[in-house]
Protein chains: 4
Amino acid sequence: MITAGIVGASGYTGGEVLRILLRHPDVQVLQATSESNAGHFVHAVHPNLRKQCQLKFSTIGDLKPCDVLFLCLPHGSAMRRIAGLEGLAKTIIDLSADFRLRNPDDYPAWYGHPHEAPQYLDRFVYGIPELHRKAISGARFITGAGCLATASILGLLPLFKHDVLARREVFIEAKVGSSAAGDTPHLSTHHPERSGAVRSFEPTGHRHTAEIVQELGFGQPLAVHFSATAIEAVRGVLATCHVFVKDGVEEKDLWKVYRGEYGDEPFLRIVKERQGIYRYPEMKLLAGTNFCDVGFEKDPRGARVVVMAALDNLVKGAAGNGVQAMNLACGLPETAGLEFPGLHPV
Amino acid sequence: MITAGIVGASGYTGGEVLRILLRHPDVQVLQATSESNAGHFVHAVHPNLRKQCQLKFSTIGDLKPCDVLFLCLPHGSAMRRIAGLEGLAKTIIDLSADFRLRNPDDYPAWYGHPHEAPQYLDRFVYGIPELHRKAISGARFITGAGCLATASILGLLPLFKHDVLARREVFIEAKVGSSAAGDTPHLSTHHPERSGAVRSFEPTGHRHTAEIVQELGFGQPLAVHFSATAIEAVRGVLATCHVFVKDGVEEKDLWKVYRGEYGDEPFLRIVKERQGIYRYPEMKLLAGTNFCDVGFEKDPRGARVVVMAALDNLVKGAAGNGVQAMNLACGLPETAGLEFPGLHPV
Amino acid sequence: MITAGIVGASGYTGGEVLRILLRHPDVQVLQATSESNAGHFVHAVHPNLRKQCQLKFSTIGDLKPCDVLFLCLPHGSAMRRIAGLEGLAKTIIDLSADFRLRNPDDYPAWYGHPHEAPQYLDRFVYGIPELHRKAISGARFITGAGCLATASILGLLPLFKHDVLARREVFIEAKVGSSAAGDTPHLSTHHPERSGAVRSFEPTGHRHTAEIVQELGFGQPLAVHFSATAIEAVRGVLATCHVFVKDGVEEKDLWKVYRGEYGDEPFLRIVKERQGIYRYPEMKLLAGTNFCDVGFEKDPRGARVVVMAALDNLVKGAAGNGVQAMNLACGLPETAGLEFPGLHPV
Amino acid sequence: MITAGIVGASGYTGGEVLRILLRHPDVQVLQATSESNAGHFVHAVHPNLRKQCQLKFSTIGDLKPCDVLFLCLPHGSAMRRIAGLEGLAKTIIDLSADFRLRNPDDYPAWYGHPHEAPQYLDRFVYGIPELHRKAISGARFITGAGCLATASILGLLPLFKHDVLARREVFIEAKVGSSAAGDTPHLSTHHPERSGAVRSFEPTGHRHTAEIVQELGFGQPLAVHFSATAIEAVRGVLATCHVFVKDGVEEKDLWKVYRGEYGDEPFLRIVKERQGIYRYPEMKLLAGTNFCDVGFEKDPRGARVVVMAALDNLVKGAAGNGVQAMNLACGLPETAGLEFPGLHPV
C-alpha cells in the first residue's frame with residue numbers, strides 16, 4: 001500500500017485526485033491540505049465525497065512524510081514551495097504549470113515572470129505517459145501537462161513521430177469547459193454571464209502553446225497557431241487541429257500511423273466511424289474518465305488533415321493523468337484506479 | 001415624449017428597463033445611474049446595447065428632474081433613499097422589495113429588519129396591472145412585484161376571484177433561473193457549481209410568500225405552502241401550483257373563469273393544448289417578453305387543480321411589468337415598448 | 001462468478017446495466033440482446049463502452065441459460081415474454097413497469113390496458129432494497145421501480161414508517177431529465193425544442209403515483225398529489241415533497257427518524273447542511289452513481305415539512321438499483337459494482 | 001404597405017420570417033404555407049406567435065399574388081418550384097441553398113447532384129447587403145446565404161477588400177447551435193445525445209465552403225480550410241478564422257480597415273474590448289437579433305490574425321438577413337422590423 005498526500009486539495013484538480021485515490025486499490029490517502037478549509041471534512045468542499053471518507057483538510061505545515069505527494073496549488077506556488085516539500089515524499093507530482101517547460105526563458109516569455117526555482121526544471125519529467133512512459137517509470141519529479149496541451153499533443157503526436165507532415169505548422173482551435181478556469185468565482189464565470197457562452201478567451205497567446213511546441217517540435221522550429229474558446233460545458237476539451245500531409249499520404253496511411261501508436265495504449269482510443277452519431281471524439285462521453293479520444297479526417301479536396309482530440313480537462317487533462325503517472329512511477333498497474341468508463345447518455 | 005431616469009441601471013433589472021425604454025416610442029431616457037460605473041458607456045456593462053445608444057452612467061448625485069424614475073436598487077436601498085428621490089419625478093416606480101408589503105410588520109417577519117420608511121407603504125400601489133390597473137393609472141408611487149410572486153399570483157388569481165376553491169390552502173413549487181439572483185458573483189453562481197443545478201434554495205420561508213398572501217388572501221387567512229428551486233436557466237420562472245376546487249367544478253368551468261379574467265389581457269395567455277409539445281406554459285419561449293402564460297389541469301381522480309404560470313423574471317417579473325405600469329400611470333398605450341413576441345426555437 | 005444476460009440492451013437502461021456489470025467483480029456478461037442491432041458491437045450504440053469489451057448484440061432467440069436475466073424492454077413487452085424467458089435464469093430482474101403493481105386492477109386504471117400475465121404479479125418483489133431487503137435476498141422475480149417513484153418513496157418512507165405525519169396526504173413535484181423519456185427521437189425531445197425546457201408533462205395522472213400509493217400507503221388510503229416536470233438535464237430526478245407533521249414534531253425528531261432509517265444504508269445519504277452551496281440534495285452530483293440523497297426542512301411557520309430526494313434516474317432509478325437487488329438476490333456484497341462516487345464539479 | 005407570402009413557413013427559418021414580418025411596420029403577411037400543417041393556426045407550430053395573429057397555414061396551391069415571396073423550403077425544393085412560383089411576386093427571396101452558387105458546376109461538386117434550373121443562377125443576387133447592397137436594391141431574385149458562410153464572409157471581407165493578407169489561405173472553425181439542423185427529429189438531435197455535445201460534424205467538406213470561396217475569392221483561387229462543430233446551443237454561430245497579414249500590418253491598420261467597412265453598417269458591430277468579459281463577439285447576446293458582431297486579434301508573436309464573427313443563424317444567418325434584403329429591394333428603410341437589440345443576461 002502506497003501512502004499519498006494532496007497539497008491544495010480543495011480546488012477542482014485536487015478534488016479529482018482525492019476522488020480517484022480514495023478508490024485506488026493500492027493507495028492510502030494520508031493527508032489533504034487546504035489552508036482555508038483546514039479542519040473541515042473534505043466532503044464539505046467536495047460534496048461527491050459524502051459517505052466516502054472521514055478525512056479532514058489539514059495544512060501544509062501539518063504534512064507528514066508519505067510515498068507520493070501531489071501538488072495541486074495555483075500556478076506560481078509550487079516553484080516557491082518545492083524546496084520545502086521535496087523531502088516529504090520520494091515521488092512528487094506537480095499538477096500546476098510551474099515545471100512543465102524545460103527552458104527557463106519560456107517562463108518570462110509565456111508566463112510573464114522569471115522562474116523562481118529554475119534548478120528544478122531539468123529534474124522534472126513532462127508527465128504524459130504516452131510520450132514519456134520510460135522516463136516516468138521510477139521518476140522522482142513529475143509534472144502534469146496543460147489540459148489543452150495534452151489534447152493537442154496526443155492528437156498530433158503520431159503524425160509528428162511518423163514524419164507524414166508537409167508543413168511544420170499546425171492550427172489548433174481548442175474548446176474548453178468552465179472548470180478549467182478553477183474554483184474562484186469571477187464575473188466571467190457568473191452563471192448568467194457564462195451560461196451558453198462561446199467565449200474566445202485567448203484567440204492568440206495561450207500559454208499551453210509553449211508546451212505543444214516543446215513536445216511536438218522535437219527540437220526543430222514548429223509554428224503552433226493556437227486559439228482557445230470557452231464553451232457551454234463544465235468539463236471537457238475538444239482540440240480541433242489542422243495540419244497538412246505530404247503528397248501521397250492517404251487515410252489508410254493515417255490509420256496505420258495512429259493504430260501503431262495508440263493500438264495498445266489503455267487510455268487512447270481512435271474514434272472514427274463511418275456512421276452513427278458519435279463518429280468523432282465527443283468530450284461529454286469522457287467526463288470522469290481518463291480517456292483521450294482521437295479522430296482524424298483527410299480533406300478529400302486537398303492535403304489538409306483535421307485531427308480531433310477530446311478529454312476531460314480535470315482527469316486526463318490533470319488529476320487522472322497524474323495518477324496514471326504515479327502508477328508508472330511507483331510500479332503499480334498503469335490503469336489502477338482509473339477504470340471508470342464514462343456515461344452514456346449524459 | 002416622457003422623460004425617464006433609471007437609478008441603479010447597471011444591474012440586471014436596470015439593464016432590462018434600459019433595453020425596453022431605449023426602444024419605447026414615447027419615452028426618452030435622460031439618465032441611468034451606477035455609482036461604480038459612472039462615466040462609462042452603458043454598453044460597457046450591457047453589451048446588448050452596443051450601437052444602440054451613447055448614454056453613459058451617471059451618479060445618483062447627478063440626477064435631474066424627469067417624468068418617471070425607475071428605482072432598481074438592491075433591496076433595502078430604496079427605503080433609505082426614497083425621501084431624497086421622490087421630488088425628482090412625478091412617477092416613482094420601485095422595482096425592489098422595499099414597498100411591496102402594505103403591513104409594516106411583514107418586514108421584520110419576512111425580511112428580518114424593520115422598515116425604515118413605513119410612512120410610504122400606504123402610498124405605493126402594488127404594480128401588477130392585471131390586479132390593480134385602476135389604481136396604477138395616474139399613480140404617483142408604484143412598486144414592482146417579486147418575480148415568483150407575480151407568476152404565482154397571476155396563475156391563481158382567477159380561481160380566488162371566482163370563489164371556486166374548496167380550501168384556503170395552496171402549494172406552490174416555483175422554479176427559477178440564475179438571473180434572479182442578481183449580477184454579483186458568488187460561489188453559488190460560479191458556473192461549474194451552478195450549471196445543471198436543481199437547487200432547493202428556499203424549501204420554506206421564501207419572502208415572496210408574503211406578497212402572495214397579501215394579494216390573493218383578500219383580507220382572509222390563506223395558507224401558502226411555497227418552495228423555490230433554482231434550475232438550469234438564466235431567465236424564467238415556472239410556478240407549479242396545487243389547489244382544490246369545490247365539488248362540481250369541472251375543467252369547462254375553469255376555462256370560463258380564466259377566459260373571463262384574461263381573455264382581454266394583452267400580456268396574459270391561457271396555454272392549454274390537447275396536443276403538440278407546448279401544451280402548457282413554457283418559460284423559455286417567454287425570454288425577453290412581457291407575457292405571463294397560464295395553464296391548468298384538473299386531476300381526473302380528484303378535486304386537485306394544478307395551475308402552471310410562466311414568465312421571464314426580468315421582464316414580466318420585473319422591468320417589463322414596471323414599464324407596463326408606467327404606461328398606465330402616464331396615460332400611454334399599455335403595450336408600448338413591450339411588443340417583442342419571443343423566439344422559437346430558443 | 002455469476003453469469004448475466006441483458007434483454008433489450010440497446011436502450012438507456014440496458015446500456016447502464018451493461019456499463020455496471022462489465023466492471024462488476026463477480027459477474028460475467030454472457031449476452032446482451034437487441035433485435036435491431038443484432039450482430040453489431042455494443043459500443044456501436046453505447047460509445048462509452050469503446051475499448052471496454054468486444055461483446056456484440058444478439059437476439060432474444062439466441063439467449064442461453066444464465067444465472068441472472070435483466071429485462072430492459074419497453075413497457076408492455078415483459079408481460080408478454082415472461083413465460084418464455086423465466087426458464088432461462090434463476091433470477092429475473094425486470095426493469096420495465098410491467099410487474100411493479102401488485103393489484104391487477106391498477107394496470108387498466110393507470111396504464112390503460114389489462115395486465116396480460118397477472119398470475120406473475122404476486123411472484124415479483126418490488127425491488128427497492130431499502131424497502132424490501134429481506135424479500136429481495138434470494139428472490140426469483142424482482143421488479144425495478146419507477147425513477148420518480150423511487151425518489152419519492154425513499155424521500156418519504158421514514159416519515160411514514162415512524163408515524164409522524166398529521167395528514168395522509170402528500171404533494172410531490174418531481175423534476176426529471178430527458179433520458180427518462182427513452183432513446184427514441186420525437187419532436188418533444190428534438191434538441192431545439194427540448195433544450196432549456198421546463199415542461200409540465202404530467203401535471204396530474206402520472207403512472208408512478210400508483211407505485212407511491214402502494215409502497216407508502218401500507219394498506220391504508222393515501223392521497224398522493226403528484227406532478228411531473230421535465231427540466232434541462234439529461235440525467236437526474238429531484239422530487240420535492242410536502243407533508244404535514246403532527247404537533248410537537250420538530251427538526252431534531254426528523255433527524256432521528258431519518259438517521260435511524262438511513263444511517264447504515266450504503267446508498268442513502270441525508271443531505272442537510274447549515275451552510276455551503278449544496279445544503280440539500282443535488283441531482284447533478286449523482287450522475288452515474290447509485291446514491292439517493294435525501295434532505296428535509298420544517299417550515300418554521302407551520303407544520304409543513306418539505307422533503308427533497310435526488311437520484312440518477314438511470315442508476316438508482318433503474319439499472320443501479322437493479323444491480324443492487326441482484327447483489328442481494330445472489331448473495332453478493334450489496335455495493336459490488338456500484339462504487340462510483342460521482343463527480344464534482346460537473 | 002407591402003404584401004408578403006412565406007412558402008414553407010412551418011420550419012425554423014420560415015417561422016422567423018413570420019415573427020419578423022408580423023411586426024414589420026410596412027409589411028402585411030398575406031399567406032404562410034405548410035403542406036403538412038395546412039388549416040392549422042401558425043401558432044400551433046410556432047408557440048411564440050400565440051396572441052400575435054390569427055393566420056392559418058395554407059398550401060402552395062392556395063398562393064395568391066403578393067409583392068414579396070419568401071421561399072423557406074428544404075434544399076432542393078426551390079429549384080424545382082421556382083418556375084411555377086416566380087410569377088406570383090415581383091420579388092422572390094429564396095432562403096435555401098438552391099441559388100447561392102453562381103457556377104452550376106459547384107452543385108454536383110458540393111451538393112452531389114446537378115442543378116435542376118441552372119438558367120436562374122445568373123438572375124439571383126447573393127443577398128448579403130453588406131456585400132451587394134446596390135445589386136439587391138430593386139432586385140427581382142435574391143438568395144439568402146449559408147449561416148456559417150455569412151459569419152465567415154462578414155468576418156473576413158474587410159481584410160480581402162483591403163489587400164492586407166499575405167496568403168490566399170484561411171482556416172475557419174465554425175461553431176453552431178442545433179437549430180441549424182432544422183426541425184426534423186433525428187437520433188443525432190435527440191436531447192440526451194445532443195445536449196452538451198461538441199460534435200465535429202463536418203471536419204472537412206462543408207458545403208458553405210463553396211460560398212466563402214465564391215464571395216471572398218474575387219475571381220482568384222482561395223484556399224478555405226473549413227471545419228464545423230455543433231455545440232451546446234440552440235441558436236448561434238461563431239466562426240473563428242485564422243489568416244496571415246503582410247509584413248508591417250498592425251492592429252491599428254486592422255482597426256482602420258474594419259472601421260472603414262463597417263462603421264456605418266447598421267447591423268455590423270466591431271467588438272474588441274481591452275477589458276470586461278465580452279471582449280470579443282459572443283453569439284448568445286445576438287439571439288433574435290440581426291447583428292453580426294466581428295472582432296479580431298493579431299498574434300503578437302507573428303503575422304497571424306484571428307478573426308471572430310458571431311450571429312444568430314436563424315436571423316442574420318437566414319430570416320433577418322432576408323428581411324434586410326427585402327427592405328432594400330422594396331425601397332423600405334433597411335432596418336425596418338429588425339430593431340430587436342438582444343438580451344443581457346441570457
# chains A, B, ... in the order shown; residues from 1 in each chain; ligands from 1

$ closest_atom_pairs --of "chain C" --to "chain D" --cutoff "8 Å" --atoms "only C-alpha atoms" --output "JSON lines"
{"residue": "C:Ser178", "atom": "CA", "partner": "D:Pro192", "partner_atom": "CA", "distance": 6.0}
{"residue": "C:Ser179", "atom": "CA", "partner": "D:Pro192", "partner_atom": "CA", "distance": 5.6}
{"residue": "C:Asp183", "atom": "CA", "partner": "D:His190", "partner_atom": "CA", "distance": 7.8}
{"residue": "C:Thr184", "atom": "CA", "partner": "D:Leu187", "partner_atom": "CA", "distance": 7.3}
{"residue": "C:Pro185", "atom": "CA", "partner": "D:His190", "partner_atom": "CA", "distance": 5.2}
{"residue": "C:His186", "atom": "CA", "partner": "D:Pro185", "partner_atom": "CA", "distance": 5.9}
{"residue": "C:Leu187", "atom": "CA", "partner": "D:Pro185", "partner_atom": "CA", "distance": 5.6}
{"residue": "C:Thr189", "atom": "CA", "partner": "D:His191", "partner_atom": "CA", "distance": 5.4}
{"residue": "C:His190", "atom": "CA", "partner": "D:His190", "partner_atom": "CA", "distance": 5.1}
{"residue": "C:His191", "atom": "CA", "partner": "D:His191", "partner_atom": "CA", "distance": 4.7}
{"residue": "C:Pro192", "atom": "CA", "partner": "D:Val234", "partner_atom": "CA", "distance": 5.3}
{"residue": "C:Arg194", "atom": "CA", "partner": "D:His191", "partner_atom": "CA", "distance": 6.5}
{"residue": "C:Ser195", "atom": "CA", "partner": "D:His191", "partner_atom": "CA", "distance": 7.0}
{"residue": "C:Val234", "atom": "CA", "partner": "D:Pro192", "partner_atom": "CA", "distance": 5.3}

$ select_by_dssp --residues "range 122-298 of chain C" --states "strand (DSSP E or B)" --output "number ranges by chain"
C: 124-126, 141-143, 165, 169-176, 190, 199-202, 223-230, 237-245, 268-270, 292-298

$ residues_around --residues "Ile92 in chain D" --least-positions-apart "3" --cutoff "10 Å" --atoms "only C-alpha atoms" --output "list in words"
Gly5, Asp67, Val68, Leu69, Phe70, Leu71, Ile82, Leu85, Glu86, Gly87, Leu88, Ala89, Leu95, Phe124, Ala139, Arg140, Phe141, Ile142, Thr143, Met326 and Ala329 of chain D

$ write_last_selection --atoms "N, CA, C and O atoms" --output "CSV table (one decimal), in the first residue's frame"
chain,number,residue,atom,x,y,z
D,5,GLY,N,-45.7,36.8,-48.7
D,5,GLY,CA,-46.1,35.4,-48.5
D,5,GLY,C,-44.8,34.6,-48.1
D,5,GLY,O,-43.7,35.0,-48.5
D,67,ASP,N,-46.5,41.0,-53.1
D,67,ASP,CA,-45.3,41.8,-53.5
D,67,ASP,C,-44.0,41.0,-53.4
D,67,ASP,O,-43.1,41.0,-54.2
D,68,VAL,N,-43.9,40.3,-52.2
D,68,VAL,CA,-42.7,39.6,-51.9
D,68,VAL,C,-43.0,38.1,-51.5
D,68,VAL,O,-43.9,37.9,-50.7
D,69,LEU,N,-42.2,37.2,-52.1
D,69,LEU,CA,-42.4,35.8,-51.7
D,69,LEU,C,-41.1,35.3,-51.1
D,69,LEU,O,-40.1,35.4,-51.8
D,70,PHE,N,-41.2,34.8,-49.8
D,70,PHE,CA,-40.0,34.2,-49.2
D,70,PHE,C,-40.2,32.7,-49.4
D,70,PHE,O,-41.2,32.1,-49.1
D,71,LEU,N,-39.1,32.1,-49.9
D,71,LEU,CA,-39.1,30.6,-50.1
D,71,LEU,C,-38.2,30.0,-49.0
D,71,LEU,O,-37.0,30.3,-48.9
D,82,ILE,N,-39.3,26.9,-58.7
D,82,ILE,CA,-39.1,28.3,-59.0
D,82,ILE,C,-39.9,28.8,-60.2
D,82,ILE,O,-40.5,29.9,-60.2
D,85,LEU,N,-43.4,29.4,-59.3
D,85,LEU,CA,-43.6,30.5,-58.3
D,85,LEU,C,-43.3,31.9,-58.7
D,85,LEU,O,-43.8,32.8,-58.2
D,86,GLU,N,-42.4,32.0,-59.7
D,86,GLU,CA,-41.8,33.3,-59.9
D,86,GLU,C,-42.9,34.3,-60.4
D,86,GLU,O,-42.7,35.5,-60.2
D,87,GLY,N,-44.0,33.8,-61.0
D,87,GLY,CA,-45.0,34.8,-61.4
D,87,GLY,C,-45.8,35.3,-60.3
D,87,GLY,O,-46.6,36.3,-60.6
D,88,LEU,N,-45.7,34.8,-59.2
D,88,LEU,CA,-46.6,35.2,-58.1
D,88,LEU,C,-46.2,36.5,-57.4
D,88,LEU,O,-47.0,37.1,-56.7
D,89,ALA,N,-44.9,36.9,-57.5
D,89,ALA,CA,-44.5,38.1,-56.8
D,89,ALA,C,-43.4,38.8,-57.6
D,89,ALA,O,-42.6,38.1,-58.4
D,95,LEU,N,-34.5,31.4,-49.3
D,95,LEU,CA,-33.6,31.2,-48.2
D,95,LEU,C,-32.9,29.8,-48.2
D,95,LEU,O,-32.3,29.4,-47.2
D,124,PHE,N,-30.1,35.5,-59.8
D,124,PHE,CA,-30.2,35.7,-58.4
D,124,PHE,C,-29.0,36.5,-57.9
D,124,PHE,O,-27.8,36.3,-58.3
D,139,ALA,N,-33.8,44.4,-56.7
D,139,ALA,CA,-33.6,43.1,-57.3
D,139,ALA,C,-34.9,42.4,-57.4
D,139,ALA,O,-35.8,42.5,-56.5
D,140,ARG,N,-35.0,41.5,-58.4
D,140,ARG,CA,-36.2,40.6,-58.5
D,140,ARG,C,-35.9,39.3,-57.9
D,140,ARG,O,-36.8,38.8,-57.2
D,141,PHE,N,-34.7,38.7,-57.9
D,141,PHE,CA,-34.4,37.4,-57.3
D,141,PHE,C,-33.3,37.6,-56.4
D,141,PHE,O,-32.2,38.0,-56.8
D,142,ILE,N,-33.5,37.2,-55.2
D,142,ILE,CA,-32.4,37.3,-54.1
D,142,ILE,C,-32.3,36.0,-53.4
D,142,ILE,O,-33.3,35.3,-53.1
D,143,THR,N,-31.1,35.5,-53.3
D,143,THR,CA,-30.9,34.3,-52.5
D,143,THR,C,-30.2,34.7,-51.2
D,143,THR,O,-29.4,35.5,-51.0
D,326,MET,N,-35.0,42.3,-48.3
D,326,MET,CA,-36.3,42.7,-48.8
D,326,MET,C,-36.5,44.2,-48.6
D,326,MET,O,-37.0,44.9,-49.5
D,329,ALA,N,-34.6,45.8,-51.4
D,329,ALA,CA,-35.3,45.5,-52.7
D,329,ALA,C,-36.5,46.3,-52.9
D,329,ALA,O,-36.8,46.7,-54.0

$ residues_around --residues "Leu73 in chain C" --least-positions-apart "4" --cutoff "8 Å" --atoms "only C-alpha atoms" --output "number ranges by chain"
C: 7-8, 77-78, 95-96

$ write_last_selection --atoms "N, CA and C atoms" --output "CSV table (one decimal), in the first residue's frame"
chain,number,residue,atom,x,y,z
C,7,VAL,N,-31.6,-8.4,-21.6
C,7,VAL,CA,-32.6,-8.4,-22.7
C,7,VAL,C,-33.0,-7.0,-23.0
C,8,GLY,N,-32.8,-6.5,-24.2
C,8,GLY,CA,-33.1,-5.1,-24.5
C,8,GLY,C,-32.0,-4.2,-24.1
C,77,SER,N,-43.8,-5.2,-22.9
C,77,SER,CA,-43.2,-6.3,-23.6
C,77,SER,C,-42.9,-7.4,-22.6
C,78,ALA,N,-42.5,-7.1,-21.4
C,78,ALA,CA,-42.0,-8.1,-20.5
C,78,ALA,C,-43.2,-9.0,-20.1
C,95,LEU,N,-36.9,-4.5,-15.4
C,95,LEU,CA,-36.8,-3.0,-15.1
C,95,LEU,C,-37.9,-2.2,-15.8
C,96,SER,N,-38.9,-2.9,-16.4
C,96,SER,CA,-40.0,-2.1,-17.0
C,96,SER,C,-41.0,-1.9,-15.9

$ residues_around --residues "range 49-66 of chain C" --least-positions-apart "4" --cutoff "6 Å" --atoms "only C-alpha atoms" --output "list of chain:residue names"
C:Thr3, C:Ala4, C:Ala32, C:Thr33, C:Ser34, C:Glu35, C:Ala38, C:Gly39, C:His40, C:Phe41, C:Val42, C:His43, C:Leu88, C:Ala89

$ write_last_selection --atoms "all heavy atoms" --output "mmCIF file, in the first residue's frame"
data_model
loop_
_atom_site.group_PDB
_atom_site.id
_atom_site.type_symbol
_atom_site.label_atom_id
_atom_site.label_comp_id
_atom_site.auth_asym_id
_atom_site.auth_seq_id
_atom_site.Cartn_x
_atom_site.Cartn_y
_atom_site.Cartn_z
ATOM 1 N N THR C 3 -23.192 -15.492 -13.991
ATOM 2 C CA THR C 3 -23.367 -15.141 -15.406
ATOM 3 C C THR C 3 -24.671 -14.367 -15.579
ATOM 4 O O THR C 3 -25.669 -14.661 -14.926
ATOM 5 C CB THR C 3 -23.390 -16.390 -16.293
ATOM 6 O OG1 THR C 3 -24.422 -17.261 -15.830
ATOM 7 C CG2 THR C 3 -22.052 -17.113 -16.259
ATOM 8 N N ALA C 4 -24.613 -13.369 -16.475
ATOM 9 C CA ALA C 4 -25.778 -12.499 -16.637
ATOM 10 C C ALA C 4 -26.091 -12.268 -18.108
ATOM 11 O O ALA C 4 -25.205 -12.336 -18.971
ATOM 12 C CB ALA C 4 -25.530 -11.154 -15.955
ATOM 13 N N ALA C 32 -26.198 -9.866 -24.517
ATOM 14 C CA ALA C 32 -26.938 -8.598 -24.493
ATOM 15 C C ALA C 32 -27.744 -8.573 -25.775
ATOM 16 O O ALA C 32 -27.168 -8.603 -26.863
ATOM 17 C CB ALA C 32 -25.971 -7.427 -24.425
ATOM 18 N N THR C 33 -29.038 -8.498 -25.666
ATOM 19 C CA THR C 33 -29.846 -8.601 -26.883
ATOM 20 C C THR C 33 -30.345 -7.242 -27.365
ATOM 21 O O THR C 33 -30.579 -6.321 -26.571
ATOM 22 C CB THR C 33 -31.087 -9.512 -26.690
ATOM 23 O OG1 THR C 33 -32.119 -8.775 -26.044
ATOM 24 C CG2 THR C 33 -30.749 -10.758 -25.889
ATOM 25 N N SER C 34 -30.478 -7.154 -28.666
ATOM 26 C CA SER C 34 -31.148 -6.025 -29.303
ATOM 27 C C SER C 34 -31.576 -6.512 -30.671
ATOM 28 O O SER C 34 -30.727 -6.837 -31.505
ATOM 29 C CB SER C 34 -30.200 -4.830 -29.438
ATOM 30 O OG SER C 34 -30.744 -3.901 -30.359
ATOM 31 N N GLU C 35 -32.858 -6.561 -30.869
ATOM 32 C CA GLU C 35 -33.331 -7.110 -32.139
ATOM 33 C C GLU C 35 -32.836 -6.255 -33.311
ATOM 34 O O GLU C 35 -32.445 -6.768 -34.352
ATOM 35 C CB GLU C 35 -34.863 -7.195 -32.154
ATOM 36 C CG GLU C 35 -35.453 -7.998 -30.987
ATOM 37 C CD GLU C 35 -34.829 -9.379 -30.789
ATOM 38 O OE1 GLU C 35 -34.902 -10.186 -31.740
ATOM 39 O OE2 GLU C 35 -34.253 -9.644 -29.704
ATOM 40 N N ALA C 38 -28.700 -6.477 -33.619
ATOM 41 C CA ALA C 38 -28.043 -7.778 -33.501
ATOM 42 C C ALA C 38 -26.868 -7.867 -34.472
ATOM 43 O O ALA C 38 -26.965 -7.467 -35.638
ATOM 44 C CB ALA C 38 -29.051 -8.897 -33.773
ATOM 45 N N GLY C 39 -25.770 -8.375 -33.986
ATOM 46 C CA GLY C 39 -24.578 -8.518 -34.823
ATOM 47 C C GLY C 39 -23.620 -7.349 -34.714
ATOM 48 O O GLY C 39 -22.469 -7.457 -35.133
ATOM 49 N N HIS C 40 -24.073 -6.239 -34.173
ATOM 50 C CA HIS C 40 -23.190 -5.084 -34.008
ATOM 51 C C HIS C 40 -22.573 -5.071 -32.610
ATOM 52 O O HIS C 40 -23.167 -5.560 -31.651
ATOM 53 C CB HIS C 40 -23.968 -3.784 -34.219
ATOM 54 C CG HIS C 40 -24.389 -3.576 -35.640
ATOM 55 N ND1 HIS C 40 -25.624 -3.965 -36.117
ATOM 56 C CD2 HIS C 40 -23.734 -3.045 -36.699
ATOM 57 C CE1 HIS C 40 -25.713 -3.669 -37.402
ATOM 58 N NE2 HIS C 40 -24.574 -3.118 -37.791
ATOM 59 N N PHE C 41 -21.408 -4.489 -32.524
ATOM 60 C CA PHE C 41 -20.771 -4.327 -31.221
ATOM 61 C C PHE C 41 -21.657 -3.472 -30.308
ATOM 62 O O PHE C 41 -22.295 -2.520 -30.778
ATOM 63 C CB PHE C 41 -19.410 -3.631 -31.376
ATOM 64 C CG PHE C 41 -18.340 -4.516 -31.953
ATOM 65 C CD1 PHE C 41 -17.805 -4.271 -33.215
ATOM 66 C CD2 PHE C 41 -17.868 -5.621 -31.238
ATOM 67 C CE1 PHE C 41 -16.821 -5.089 -33.747
ATOM 68 C CE2 PHE C 41 -16.880 -6.449 -31.776
ATOM 69 C CZ PHE C 41 -16.363 -6.185 -33.036
ATOM 70 N N VAL C 42 -21.659 -3.797 -29.035
ATOM 71 C CA VAL C 42 -22.453 -2.967 -28.111
ATOM 72 C C VAL C 42 -21.947 -1.531 -28.092
ATOM 73 O O VAL C 42 -22.721 -0.597 -27.877
ATOM 74 C CB VAL C 42 -22.491 -3.561 -26.674
ATOM 75 C CG1 VAL C 42 -23.172 -4.930 -26.666
ATOM 76 C CG2 VAL C 42 -21.110 -3.634 -26.047
ATOM 77 N N HIS C 43 -20.652 -1.332 -28.360
ATOM 78 C CA HIS C 43 -20.166 0.051 -28.316
ATOM 79 C C HIS C 43 -20.576 0.865 -29.541
ATOM 80 O O HIS C 43 -20.371 2.075 -29.571
ATOM 81 C CB HIS C 43 -18.657 0.118 -28.081
ATOM 82 C CG HIS C 43 -17.824 -0.637 -29.066
ATOM 83 N ND1 HIS C 43 -17.660 -0.242 -30.365
ATOM 84 C CD2 HIS C 43 -17.123 -1.775 -28.928
ATOM 85 C CE1 HIS C 43 -16.862 -1.098 -30.986
ATOM 86 N NE2 HIS C 43 -16.527 -2.046 -30.141
ATOM 87 N N LEU C 88 -34.978 -19.408 -18.365
ATOM 88 C CA LEU C 88 -33.577 -19.203 -18.762
ATOM 89 C C LEU C 88 -32.648 -18.822 -17.610
ATOM 90 O O LEU C 88 -31.435 -18.895 -17.749
ATOM 91 C CB LEU C 88 -33.497 -18.100 -19.822
ATOM 92 C CG LEU C 88 -33.986 -18.501 -21.221
ATOM 93 C CD1 LEU C 88 -34.136 -17.279 -22.106
ATOM 94 C CD2 LEU C 88 -33.006 -19.506 -21.844
ATOM 95 N N ALA C 89 -33.217 -18.358 -16.514
ATOM 96 C CA ALA C 89 -32.346 -17.879 -15.426
ATOM 97 C C ALA C 89 -33.048 -18.102 -14.099
ATOM 98 O O ALA C 89 -34.278 -18.053 -14.029
ATOM 99 C CB ALA C 89 -32.035 -16.397 -15.612
#

$ residues_around --residues "Glu251 in chain C" --least-positions-apart "5" --cutoff "9 Å" --atoms "only C-alpha atoms" --output "NGL selection string"
:C and (256 or 296-298)

$ residues_around --residues "Leu165 in chain B" --least-positions-apart "2" --cutoff "10 Å" --atoms "only C-alpha atoms" --output "PyMOL selection string"
chain B and resi 159-163+167-170+243-247+249+303-305

$ select_by_dssp --residues "range 35-180 of chain C" --states "helix (DSSP H, G or I)" --output "number ranges by chain"
C: 42-45, 47-49, 60-62, 77-88, 106-111, 118-123, 129-136, 147-161, 178-180

$ atom_distance --atom1 "CA of Tyr278 in chain B" --atom2 "CA of Gly322 in chain D"
28.0 Å

$ closest_residue --among "C:Asp293, C:Asp122, C:Asp264, C:Asp26" --to "Asn327 in chain C" --atoms "only C-alpha atoms"
C:Asp26
